[in-house]
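So this block is entry-v5.txt, compact mmCIF, C-alpha atoms:
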# COMPACT_ATOMS: atom_id res chain seq x y z
CA MET B 1 -35.16 31.06 -15.60
CA MET B 2 -34.31 28.64 -12.79
CA GLU B 3 -35.20 30.19 -9.44
CA PRO B 4 -37.05 33.26 -8.12
CA LEU B 5 -33.78 35.08 -7.45
CA THR B 6 -32.57 34.82 -11.04
CA SER B 7 -35.91 36.08 -12.38
CA LEU B 8 -34.93 39.54 -11.10
CA ILE B 9 -31.91 39.55 -13.39
CA PRO B 10 -32.28 40.82 -17.01
CA VAL B 11 -32.77 38.10 -19.63
CA SER B 12 -29.46 38.69 -21.42
CA TRP B 13 -27.59 38.19 -18.14
CA GLN B 14 -29.64 35.12 -17.35
CA SER B 15 -28.80 33.46 -20.63
CA ALA B 16 -25.14 34.48 -20.32
CA PHE B 17 -25.13 32.95 -16.83
CA SER B 18 -26.61 29.66 -17.95
CA THR B 19 -24.34 29.51 -21.00
CA GLN B 20 -21.30 30.08 -18.81
CA LEU B 21 -22.51 27.35 -16.42
CA GLN B 22 -23.08 24.80 -19.13
CA MET B 23 -20.13 25.39 -21.40
CA SER B 24 -17.15 26.65 -19.53
CA GLU B 25 -14.10 24.83 -18.25
CA LEU B 26 -13.51 27.89 -16.13
CA THR B 27 -16.77 27.22 -14.28
CA ALA B 28 -15.74 23.64 -13.57
CA ILE B 29 -12.33 24.72 -12.28
CA VAL B 30 -13.73 27.53 -10.11
CA LEU B 31 -16.37 25.15 -8.74
CA THR B 32 -13.77 22.48 -7.94
CA LEU B 33 -11.23 24.82 -6.35
CA GLY B 34 -13.93 26.71 -4.44
CA SER B 35 -15.51 23.53 -3.06
CA PHE B 36 -12.10 22.15 -2.09
CA GLN B 37 -11.22 25.41 -0.35
CA LEU B 38 -14.52 25.30 1.56
CA GLY B 39 -13.82 21.67 2.50
CA LEU B 40 -10.32 22.60 3.65
CA TRP B 41 -11.75 25.39 5.79
CA PHE B 42 -14.22 23.04 7.51
CA TYR B 43 -11.47 20.46 7.99
CA GLN B 44 -9.15 22.95 9.67
CA LYS B 45 -11.94 24.50 11.77
CA SER B 46 -12.88 21.03 13.05
CA LYS B 47 -9.22 20.38 14.01
CA ARG B 48 -8.84 17.86 11.18
CA PHE B 49 -11.84 15.72 12.05
CA ILE B 50 -11.42 12.88 9.59
CA LEU B 51 -15.07 12.60 8.51
CA LEU B 52 -14.91 16.25 7.42
CA HIS B 53 -12.05 15.47 5.02
CA PRO B 54 -11.94 18.12 2.24
CA VAL B 55 -12.77 15.46 -0.36
CA ILE B 56 -16.04 14.58 1.40
CA ILE B 57 -17.23 18.16 2.02
CA GLY B 58 -15.89 19.36 -1.35
CA GLY B 59 -17.51 16.40 -3.14
CA ILE B 60 -20.89 17.06 -1.52
CA CYS B 61 -20.71 20.77 -2.50
CA ILE B 62 -19.91 19.95 -6.13
CA ALA B 63 -22.62 17.25 -6.34
CA ALA B 64 -25.18 19.66 -4.85
CA PHE B 65 -24.20 22.39 -7.32
CA LEU B 66 -24.45 20.05 -10.31
CA ASN B 67 -27.85 18.81 -9.14
CA TYR B 68 -29.18 22.30 -8.49
CA TYR B 69 -28.25 23.61 -11.94
CA SER B 70 -29.00 20.26 -13.67
CA ILE B 71 -25.51 19.91 -15.07
CA SER B 72 -24.67 16.30 -15.94
CA TYR B 73 -21.76 14.67 -14.13
CA ASP B 74 -20.23 13.60 -17.45
CA HIS B 75 -20.22 17.20 -18.57
CA TYR B 76 -18.52 18.34 -15.37
CA LYS B 77 -15.99 15.51 -15.62
CA GLU B 78 -15.14 16.52 -19.17
CA SER B 79 -14.76 20.20 -18.22
CA SER B 80 -12.55 19.48 -15.21
CA ARG B 81 -10.08 17.13 -16.88
CA LEU B 82 -7.21 19.48 -16.02
CA PHE B 83 -7.21 17.99 -12.49
CA TYR B 84 -7.42 14.48 -13.87
CA PHE B 85 -4.47 15.15 -16.14
CA LEU B 86 -2.33 16.27 -13.20
CA LEU B 87 -2.82 12.89 -11.49
CA GLY B 88 -0.29 11.48 -14.00
CA PRO B 89 2.67 13.67 -12.97
CA ALA B 90 1.48 13.37 -9.34
CA THR B 91 1.95 9.60 -9.57
CA VAL B 92 5.47 10.06 -10.94
CA ALA B 93 6.09 12.57 -8.11
CA LEU B 94 5.56 9.77 -5.55
CA ALA B 95 9.11 8.66 -6.48
CA ILE B 96 10.54 11.59 -4.47
CA PRO B 97 9.19 10.66 -0.99
CA LEU B 98 9.93 7.04 -1.84
CA PHE B 99 13.55 8.01 -2.61
CA GLN B 100 13.82 10.19 0.50
CA GLU B 101 12.55 7.44 2.83
CA PHE B 102 14.30 4.63 0.97
CA HIS B 103 17.14 4.36 3.49
CA HIS B 104 14.61 3.24 6.12
CA ILE B 105 14.28 0.01 4.18
CA ARG B 106 17.82 -0.97 5.09
CA LYS B 107 17.12 -0.81 8.80
CA LEU B 108 13.99 -2.96 8.64
CA SER B 109 14.19 -4.47 5.18
CA LYS B 110 12.68 -7.86 5.97
CA THR B 111 9.80 -6.46 8.03
CA VAL B 112 8.98 -3.72 5.51
CA LEU B 113 9.10 -5.87 2.39
CA ILE B 114 7.29 -8.94 3.73
CA THR B 115 4.59 -6.83 5.40
CA VAL B 116 4.07 -4.78 2.23
CA ILE B 117 3.79 -7.87 0.01
CA ALA B 118 1.61 -9.92 2.38
CA GLY B 119 -0.41 -6.95 3.65
CA GLY B 120 -0.90 -5.52 0.15
CA THR B 121 -2.12 -8.92 -1.06
CA ALA B 122 -4.41 -9.30 1.97
CA ALA B 123 -5.96 -5.90 1.22
CA VAL B 124 -6.87 -6.96 -2.33
CA VAL B 125 -8.00 -10.49 -1.43
CA SER B 126 -10.11 -9.45 1.57
CA ALA B 127 -11.88 -6.72 -0.42
CA ILE B 128 -12.66 -8.91 -3.43
CA GLY B 129 -13.49 -11.94 -1.25
CA ILE B 130 -16.00 -10.10 0.94
CA ALA B 131 -17.63 -8.33 -1.99
CA TYR B 132 -17.87 -11.63 -3.87
CA ILE B 133 -19.54 -13.37 -0.92
CA LEU B 134 -21.98 -10.45 -0.62
CA GLY B 135 -22.89 -10.90 -4.29
CA ALA B 136 -21.07 -8.05 -6.08
CA ASP B 137 -20.88 -8.26 -9.87
CA ASP B 138 -17.73 -8.40 -11.98
CA THR B 139 -17.39 -4.63 -12.55
CA ILE B 140 -17.60 -3.93 -8.83
CA LEU B 141 -15.00 -6.58 -8.00
CA ARG B 142 -12.64 -5.00 -10.55
CA SER B 143 -13.30 -1.54 -9.14
CA LEU B 144 -12.52 -2.72 -5.58
CA ALA B 145 -9.22 -4.48 -6.34
CA ALA B 146 -6.98 -1.45 -5.79
CA LYS B 147 -8.95 -0.01 -2.86
CA SER B 148 -6.04 0.36 -0.41
CA VAL B 149 -3.62 1.93 -2.87
CA THR B 150 -2.93 5.65 -3.22
CA THR B 151 -5.64 7.19 -5.46
CA PRO B 152 -3.65 8.13 -8.60
CA ILE B 153 -2.20 4.61 -8.85
CA ALA B 154 -5.56 3.01 -7.94
CA LEU B 155 -7.27 4.95 -10.75
CA GLY B 156 -4.65 3.79 -13.23
CA ILE B 157 -5.04 0.16 -12.12
CA SER B 158 -8.84 0.34 -12.19
CA GLU B 159 -8.81 1.64 -15.77
CA LYS B 160 -6.39 -1.06 -16.86
CA ILE B 161 -8.44 -3.92 -15.39
CA GLY B 162 -11.87 -2.67 -16.42
CA GLY B 163 -13.18 -1.16 -13.19
CA LEU B 164 -15.19 2.06 -12.86
CA ALA B 165 -12.80 4.93 -12.13
CA THR B 166 -15.44 6.92 -10.25
CA LEU B 167 -16.38 4.01 -7.99
CA THR B 168 -12.70 3.24 -7.34
CA THR B 169 -11.99 6.84 -6.32
CA GLY B 170 -14.84 6.90 -3.82
CA VAL B 171 -13.92 3.49 -2.42
CA VAL B 172 -10.24 4.44 -2.06
CA VAL B 173 -11.08 7.66 -0.23
CA PHE B 174 -13.43 5.93 2.21
CA THR B 175 -10.97 3.05 2.72
CA GLY B 176 -8.35 5.61 3.77
CA ILE B 177 -10.81 7.26 6.14
CA PHE B 178 -12.08 4.02 7.69
CA GLY B 179 -8.52 2.74 7.95
CA ALA B 180 -7.42 5.86 9.81
CA ILE B 181 -10.44 5.69 12.14
CA MET B 182 -10.00 1.99 12.91
CA SER B 183 -6.22 2.14 13.35
CA PRO B 184 -6.15 2.83 17.14
CA LEU B 185 -8.43 -0.18 17.70
CA VAL B 186 -6.31 -2.41 15.44
CA PHE B 187 -3.09 -1.36 17.19
CA ARG B 188 -4.65 -2.04 20.59
CA LEU B 189 -6.03 -5.47 19.60
CA SER B 190 -2.77 -6.58 17.99
CA GLY B 191 -0.57 -4.97 20.66
CA LEU B 192 1.45 -3.15 18.00
CA ALA B 193 3.16 -0.24 19.78
CA ASP B 194 6.24 0.51 17.64
CA PRO B 195 5.50 3.80 15.79
CA ARG B 196 7.53 2.68 12.76
CA LEU B 197 5.49 -0.49 12.39
CA GLN B 198 2.27 1.44 12.96
CA GLY B 199 3.36 3.68 10.07
CA ILE B 200 3.94 0.67 7.83
CA VAL B 201 0.48 -0.71 8.60
CA LEU B 202 -1.16 2.68 7.93
CA GLY B 203 0.73 3.17 4.66
CA ILE B 204 -0.26 -0.27 3.37
CA ASN B 205 -3.94 -0.13 4.28
CA ALA B 206 -4.91 3.55 4.38
CA HIS B 207 -2.58 5.15 1.76
CA GLY B 208 -2.27 8.98 1.87
CA ILE B 209 -4.92 9.52 4.55
CA GLY B 210 -3.24 6.98 6.85
CA THR B 211 0.17 8.46 6.06
CA ALA B 212 -1.02 11.95 7.02
CA LEU B 213 -2.28 10.53 10.33
CA ALA B 214 1.05 8.77 10.93
CA PHE B 215 2.94 12.05 10.34
CA GLU B 216 0.68 13.80 12.86
CA ARG B 217 1.67 11.31 15.53
CA ASN B 218 5.37 10.89 14.89
CA ALA B 219 7.84 11.85 12.12
CA SER B 220 9.43 8.42 11.90
CA SER B 221 6.00 6.78 11.79
CA GLY B 222 5.13 9.08 8.88
CA ALA B 223 8.34 8.27 7.01
CA PHE B 224 7.63 4.55 7.22
CA ALA B 225 3.99 5.10 6.22
CA SER B 226 5.06 7.06 3.16
CA LEU B 227 7.56 4.35 2.22
CA ALA B 228 4.99 1.57 2.71
CA MET B 229 2.38 3.51 0.70
CA GLY B 230 4.73 3.90 -2.28
CA LEU B 231 5.86 0.27 -2.17
CA THR B 232 2.29 -1.07 -1.81
CA GLY B 233 1.13 1.04 -4.76
CA THR B 234 4.00 -0.23 -6.90
CA PHE B 235 3.55 -3.86 -5.83
CA THR B 236 -0.21 -3.76 -6.47
CA ALA B 237 0.16 -2.05 -9.87
CA LEU B 238 2.74 -4.63 -10.97
CA THR B 239 0.78 -7.71 -9.81
CA VAL B 240 -2.99 -7.13 -9.72
CA PRO B 241 -3.52 -6.61 -13.48
CA TYR B 242 -1.80 -9.97 -14.14
CA ALA B 243 -3.64 -11.74 -11.31
CA ILE B 244 -6.98 -10.48 -12.67
CA SER B 245 -6.29 -11.64 -16.23
CA LEU B 246 -5.14 -15.00 -14.85
CA LEU B 247 -8.41 -15.30 -12.91
CA SER B 248 -10.42 -14.44 -16.04
CA TYR B 249 -8.78 -17.37 -17.86
CA LEU B 250 -9.86 -19.89 -15.22
CA MET F 1 9.54 24.53 -10.21
CA ILE F 2 9.05 24.41 -14.00
CA LYS F 3 12.20 22.33 -14.41
CA GLY F 4 10.97 19.88 -11.80
CA PHE F 5 7.51 19.69 -13.36
CA LEU F 6 9.06 19.11 -16.76
CA THR F 7 11.15 16.27 -15.30
CA LEU F 8 7.97 14.64 -13.94
CA LEU F 9 6.21 14.95 -17.31
CA ILE F 10 9.18 13.56 -19.21
CA PHE F 11 9.34 10.53 -16.90
CA GLN F 12 5.57 10.06 -17.28
CA TRP F 13 6.04 10.26 -21.05
CA LEU F 14 8.73 7.56 -20.90
CA GLY F 15 6.49 5.46 -18.64
CA GLU F 16 3.54 5.72 -21.05
CA LEU F 17 5.93 4.74 -23.84
CA ILE F 18 6.89 1.54 -21.97
CA THR F 19 3.21 0.70 -21.39
CA LEU F 20 2.45 1.23 -25.08
CA ALA F 21 5.49 -0.65 -26.35
CA THR F 22 5.13 -3.67 -24.05
CA GLY F 23 1.33 -3.74 -23.97
CA ALA F 24 1.66 -4.38 -20.21
CA PRO F 25 -1.58 -3.82 -18.24
CA ILE F 26 0.32 -1.44 -15.95
CA PRO F 27 -0.39 2.32 -15.81
CA GLY F 28 2.28 4.38 -17.60
CA PRO F 29 2.78 6.81 -14.68
CA VAL F 30 3.73 3.84 -12.44
CA PHE F 31 6.56 2.95 -14.83
CA GLY F 32 7.46 6.66 -14.88
CA MET F 33 7.63 6.67 -11.08
CA LEU F 34 9.88 3.59 -11.04
CA LEU F 35 12.20 5.08 -13.69
CA LEU F 36 12.45 8.32 -11.72
CA LEU F 37 13.15 6.39 -8.49
CA LEU F 38 15.89 4.47 -10.27
CA ALA F 39 17.41 7.71 -11.62
CA LEU F 40 17.31 9.27 -8.14
CA LEU F 41 18.91 6.22 -6.53
CA ILE F 42 21.71 6.38 -9.08
CA ARG F 43 22.24 10.15 -8.73
CA GLN F 44 21.70 9.98 -4.94
CA LYS F 45 19.97 13.37 -4.83
CA ALA F 46 16.76 15.10 -5.91
CA SER F 47 17.07 18.70 -7.18
CA GLN F 48 15.37 21.55 -5.30
CA SER F 49 13.07 22.16 -8.25
CA LEU F 50 11.99 18.53 -8.44
CA GLN F 51 11.36 18.43 -4.69
CA GLU F 52 9.24 21.58 -4.87
CA SER F 53 7.07 20.50 -7.77
CA SER F 54 6.49 17.00 -6.43
CA HIS F 55 5.75 18.33 -2.94
CA THR F 56 3.14 20.70 -4.41
CA LEU F 57 1.46 17.94 -6.42
CA ILE F 58 1.42 15.46 -3.53
CA GLN F 59 0.23 18.07 -1.04
CA TYR F 60 -2.85 18.73 -3.19
CA LEU F 61 -3.41 15.14 -4.28
CA SER F 62 -6.91 15.14 -2.81
CA LEU F 63 -7.83 18.22 -4.89
CA LEU F 64 -6.64 16.43 -8.03
CA PHE F 65 -8.91 13.43 -7.57
CA LEU F 66 -11.87 15.44 -6.27
CA PRO F 67 -13.64 15.61 -9.70
CA ALA F 68 -13.34 11.83 -10.11
CA GLY F 69 -14.51 11.32 -6.51
CA VAL F 70 -17.70 13.33 -7.10
CA GLY F 71 -18.75 10.49 -9.41
CA ILE F 72 -19.65 8.43 -6.32
CA PHE F 73 -22.82 10.57 -6.05
CA PHE F 74 -23.80 9.80 -9.64
CA LEU F 75 -23.42 6.01 -9.82
CA SER F 76 -25.99 4.00 -11.75
CA ASP F 77 -28.86 2.30 -9.87
CA ALA F 78 -27.41 -1.12 -10.70
CA ILE F 79 -24.26 -0.25 -8.77
CA GLN F 80 -26.03 1.55 -5.95
CA ALA F 81 -28.05 -1.62 -5.38
CA GLN F 82 -24.80 -3.38 -4.41
CA TRP F 83 -23.90 -0.92 -1.66
CA LEU F 84 -23.73 -3.65 0.98
CA ALA F 85 -20.97 -5.54 -0.85
CA ILE F 86 -19.05 -2.29 -1.43
CA ALA F 87 -19.37 -1.16 2.20
CA GLY F 88 -18.45 -4.65 3.45
CA ALA F 89 -15.29 -4.69 1.36
CA MET F 90 -14.34 -1.20 2.52
CA ILE F 91 -14.99 -1.57 6.24
CA LEU F 92 -14.61 -5.26 7.08
CA GLY F 93 -11.99 -5.87 4.38
CA THR F 94 -9.85 -2.96 5.58
CA PHE F 95 -10.15 -4.09 9.19
CA ILE F 96 -9.08 -7.65 8.34
CA SER F 97 -6.07 -6.69 6.21
CA MET F 98 -5.01 -4.05 8.73
CA TYR F 99 -5.15 -6.46 11.64
CA PHE F 100 -3.30 -9.07 9.57
CA SER F 101 -0.54 -6.57 8.62
CA ALA F 102 -0.21 -5.42 12.24
CA VAL F 103 0.17 -8.97 13.63
CA LEU F 104 2.59 -9.89 10.85
CA ALA F 105 4.74 -6.76 11.31
CA LYS F 106 4.94 -7.36 15.05
CA LYS F 107 5.94 -10.98 14.58
CA LEU F 108 8.60 -10.13 11.96
CA LEU F 109 10.20 -7.41 14.08
CA GLY F 110 10.37 -9.81 17.02
CA GLU F 111 12.35 -12.20 14.87
CA GLN F 112 14.68 -9.61 13.38
Written as structure tokens, that's how I'd like the structure from this file.
Amino acid sequence: MMEPLTSLIPVSWQSAFSTQLQMSELTAIVLTLGSFQLGLWFYQKSKRFILLHPVIIGGICIAAFLNYYSISYDHYKESSRLFYFLLGPATVALAIPLFQEFHHIRKLSKTVLITVIAGGTAAVVSAIGIAYILGADDTILRSLAAKSVTTPIALGISEKIGGLATLTTGVVVFTGIFGAIMSPLVFRLSGLADPRLQGIVLGINAHGIGTALAFERNASSGAFASLAMGLTGTFTALTVPYAISLLSYL
Amino acid sequence: MIKGFLTLLIFQWLGELITLATGAPIPGPVFGMLLLLLALLIRQKASQSLQESSHTLIQYLSLLFLPAGVGIFFLSDAIQAQWLAIAGAMILGTFISMYFSAVLAKKLLGEQ
């Protein structure tokens, strides 16, 4: 009923096929896992080339599939909520790396805490400020606020402050990718050579993607990145919702 | 693994309870994470099961937000029209805050 190939298949199979496509959670889960696996394969084959991140390739595959079979995104989102549900416990799980790297705070407490607070604030202010100057509307500004924070926390913040969860997810992923790509240039321009401090900067501004990059370079850099990522997420979640409601009053 | 996963869900449940009870605009799982961190700092160790289940979830974090991320291809025209502001915030904004954090971190370590 859709394409020449399917016209060779008996009608009962065709209708079963389209029913399965339209109705089933199983289809959504197979599609998501399959696309992610394909993305992972490309990512590993390309020696972890950042622009071929599994989320980008996987996302393109899913979007193409939905378009081809005219399945609405809302329908897919509804059928794949299992993944969405797991983001909750995944956020809680961030406490474990935070706990394991917590002792690093003692060595560099002042540097870590001040950089996280000032850097985390700068990430929010610079994003909202630039978007505001370039004429973004209220919804977009709200969706951008948590852009540098790890995705599960950013999604939670975005929902609380009235942003669009889908826009926030995309923006967070690309922020992590751009942050990782720009990091060598930033470290050269600022003359920042200490791997621990490089980790902190990556964790604050490029969340999980930056942290993965830091771990690839140096274990101690990765530990600091993971610590900074957890602290930035916590700091942003505890402050941004209040800052936004304060701004709405003015 | 199951025990660890159950621990995560119970802490999320407690976190959601705090959000509901206080009406705070803070996601429940964030409170759950802070409670779990507090518990771990008091106990001074994380069980094998908890480490395994959290490692698994964090390792596949990008799979978990993939369905939400696909939404970027299905944004309304009104939002797509503002791509310049979105891209500016992502690229220029990230560069500025990264450079700022790097300079600040360097300066602070020099003083310490």
Find the residues in chain F near chain B: any atom within 7 Å counts, using only C-alpha atoms. Write them as an MDAnalysis selection string.
-> chainID F and resid 8:9 12 25:27 29:30 32:34 36:37 40:41 51 54 57:58 62:74 82 85:86 88:91 93:94 97:106 108:109
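Distance-wise, CA of Asn218 in chain B and CA of Lys47 in chain B end up 17.4 Å apart.
Distance annotation: of F:Leu38, F:Ile79, F:Phe5, F:Leu14, the residue with the minimal separation from His55 in chain F is F:Phe5; atom set is all atoms listed in the file.
Atom pair CA of Leu84 in chain F / CA of Leu61 in chain F has a distance of 28.2 Å (rounded to one decimal).
The coordinates place CA of Gln48 in chain F at 22.6 Å from CA of Ala212 in chain B.
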Extract range 17-38 of chain B from the structure I just pasted (atoms: C-alpha atoms) and return it as a PDB file, in the first residue's frame.
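decode_9.pdb written:
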ATOM      1  CA  PHE B  17       2.561  -4.589   8.840  1.00  0.00           C
ATOM      2  CA  SER B  18       0.998  -1.147   8.851  1.00  0.00           C
ATOM      3  CA  THR B  19      -1.000  -1.909  12.003  1.00  0.00           C
ATOM      4  CA  GLN B  20       2.162  -3.041  13.767  1.00  0.00           C
ATOM      5  CA  LEU B  21       3.950   0.128  12.609  1.00  0.00           C
ATOM      6  CA  GLN B  22       1.236   2.462  13.786  1.00  0.00           C
ATOM      7  CA  MET B  23       0.227   0.888  17.056  1.00  0.00           C
ATOM      8  CA  SER B  24       3.061  -0.921  18.689  1.00  0.00           C
ATOM      9  CA  GLU B  25       5.387   0.146  21.459  1.00  0.00           C
ATOM     10  CA  LEU B  26       7.558  -2.741  20.366  1.00  0.00           C
ATOM     11  CA  THR B  27       8.072  -1.051  16.992  1.00  0.00           C
ATOM     12  CA  ALA B  28       9.136   2.181  18.661  1.00  0.00           C
ATOM     13  CA  ILE B  29      11.594   0.368  20.929  1.00  0.00           C
ATOM     14  CA  VAL B  30      13.069  -1.747  18.117  1.00  0.00           C
ATOM     15  CA  LEU B  31      13.379   1.377  15.945  1.00  0.00           C
ATOM     16  CA  THR B  32      15.106   3.328  18.734  1.00  0.00           C
ATOM     17  CA  LEU B  33      17.508   0.562  19.760  1.00  0.00           C
ATOM     18  CA  GLY B  34      18.262  -0.342  16.144  1.00  0.00           C
ATOM     19  CA  SER B  35      18.982   3.255  15.143  1.00  0.00           C
ATOM     20  CA  PHE B  36      21.156   3.776  18.216  1.00  0.00           C
ATOM     21  CA  GLN B  37      23.080   0.586  17.458  1.00  0.00           C
ATOM     22  CA  LEU B  38      23.632   1.755  13.872  1.00  0.00           C
TER      23      LEU B  38
END
